[in-house]
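Report on the following structure.
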Amino acid sequence: MAKIPGEDVVIRSVESALEGKAADIARCPNCGSDQVDSYCAACGQRAGDLHTSVGHFIRDAMDGLFSFDSRVWRTLIALVFRPGLLTVEYWQGRRARYVAPLRLYLFVSFFTFLLLALFARGNVVDMTGEDRDAPVRITLTESEAADEDAGWFIDRVLRPIMEDTEGFEALFVRRLPWMFFALVPLFATFLRVLYRRREPFYVPHLVFALHFHAAAFLVTSAGRAGALLWEPLSGLAFLAVLVALFLSLRRAYGEGWSRTIVKQACLLFVHGLSVVLAMGALMVITGLAL
C-alpha cells in the first residue's frame with residue numbers, strides 16, 4: 001500500500017514521544033556513557049523518562065511533528081503572507097531560522113491530501129445523479145466494437161472504474177500525493193528553462209518549486225475548508241495561488257512585471273498540461289489496478 005508523503009515523519013514523531021520526557025541522568029542506560037545531556041553524546045539515545053502524563057506525551061508528539069517553535073510560525077507566515085521570501089532566504093544561506101523546504105512540503109501535502117480524502121467520495125467519478133449501486137451497463141456501437149484500442153480501454157479501464165467507483169476513488173486519492181510529488185521536479189525544470197540566465201543551476205529552482213507547492217496546497221486547503229461555510233472561498237483561494245505565484249517569481253528572480261506575467265503564463269500552461277496528462281495516466285493506471 002502506498003504511503004502518504006509525511007507518514008514516516010508522523011511515525012518518527014510519535015516514536016520520539018514514546019521515549020519519554022527529557023530527564024537528568026548520570027549515565028546513558030543504553031551504552032553507559034557519562035556524557036549525557038538531553039541526548040547521549042556517544043550513542044545518540046535521548047535521555048527520557050517514561051513516567052510522564054498523557055498530556056505531556058501528546059505535547060511531545062506534537063512538538064516532534066510540527067516543531068512548534070519560532071521556526072514554524074516564521075515559516076508559515078512567510079509562506080502565506082510574503083510569497084517568495086522563503087526561497088530568497090534559503091538561496092542566501094539563511095536557512096536555520098526556517099523549516100527545510102522538503103520537510104515543509106511533506107507536512108503541508110500530508111494534511112492537504114488527508115483533507116482531500118475526507119471530501120473525495122463522489123467527486124472523482126461523476127455518476128451524473130444515477131444510482132451508484134445500480135449495475136453499470138456500457139453499450140458499444142458497431143464502430144466502437146470494431147476498434148480494438150477502444151474496446152481494450154473500455155473493458156480494462158472504464159468498466160472497472162464505473163463498476164467500483166468507491167474503490168477507484170480511494171485508490172486514486174491515495175496515489176495522488178505521489179503524482180504531485182513527482183511533478184515538483186518537473187515544475188523546477190520548467191523554471192530552469194525560463195530563468196536559465198538568472199539561475200543556471202537546477203537545485204535553486206527545485207527549492208522554489210517546493211516552497212510554491214507547499215504554499216499552494218496550504219491556501220487551497222484553507223479555501224476548501226472555508227467553502228463549507230462560504231462557497232466562493234474555494235475560487236478565491238485559487239486566485240490567491242495565482243497571485244502568490246506571480247509575487248514569488250517577482251521576488252525570487254527579480255524581473256519586471258511584463259516579463260514575469262509572460263513567463264508565469266508559459267509556466268502555468270506547460271505545468272497545467274503536465275498535470276492533466278499525469279491525472280489521465282493515473283486514472284488509467286488506477287483503473288487497471290482494480
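Within each chain, counting starts at residue 1; across the C-alpha cells, chains are named A, B, ... in the order shown, with ligands numbered 1 upward in that order.
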Distance query segment 203-214 of chain A at most 10 Å, only C-alpha atoms, self and fewer than 4 positions along chain excluded, as a ChimeraX atom specification: /A:76,79-80,83-88,90-91,100-109,112,180-181,183-193,195-196,199,218-219,241,244-245,248-249,252
Test item, alpha helix (DSSP H) assignment across segment 105-271 of chain A, answer as a ChimeraX atom specification: /A:105-119,142-146,148-153,159-163,165-194,202-226,232-253,257-271
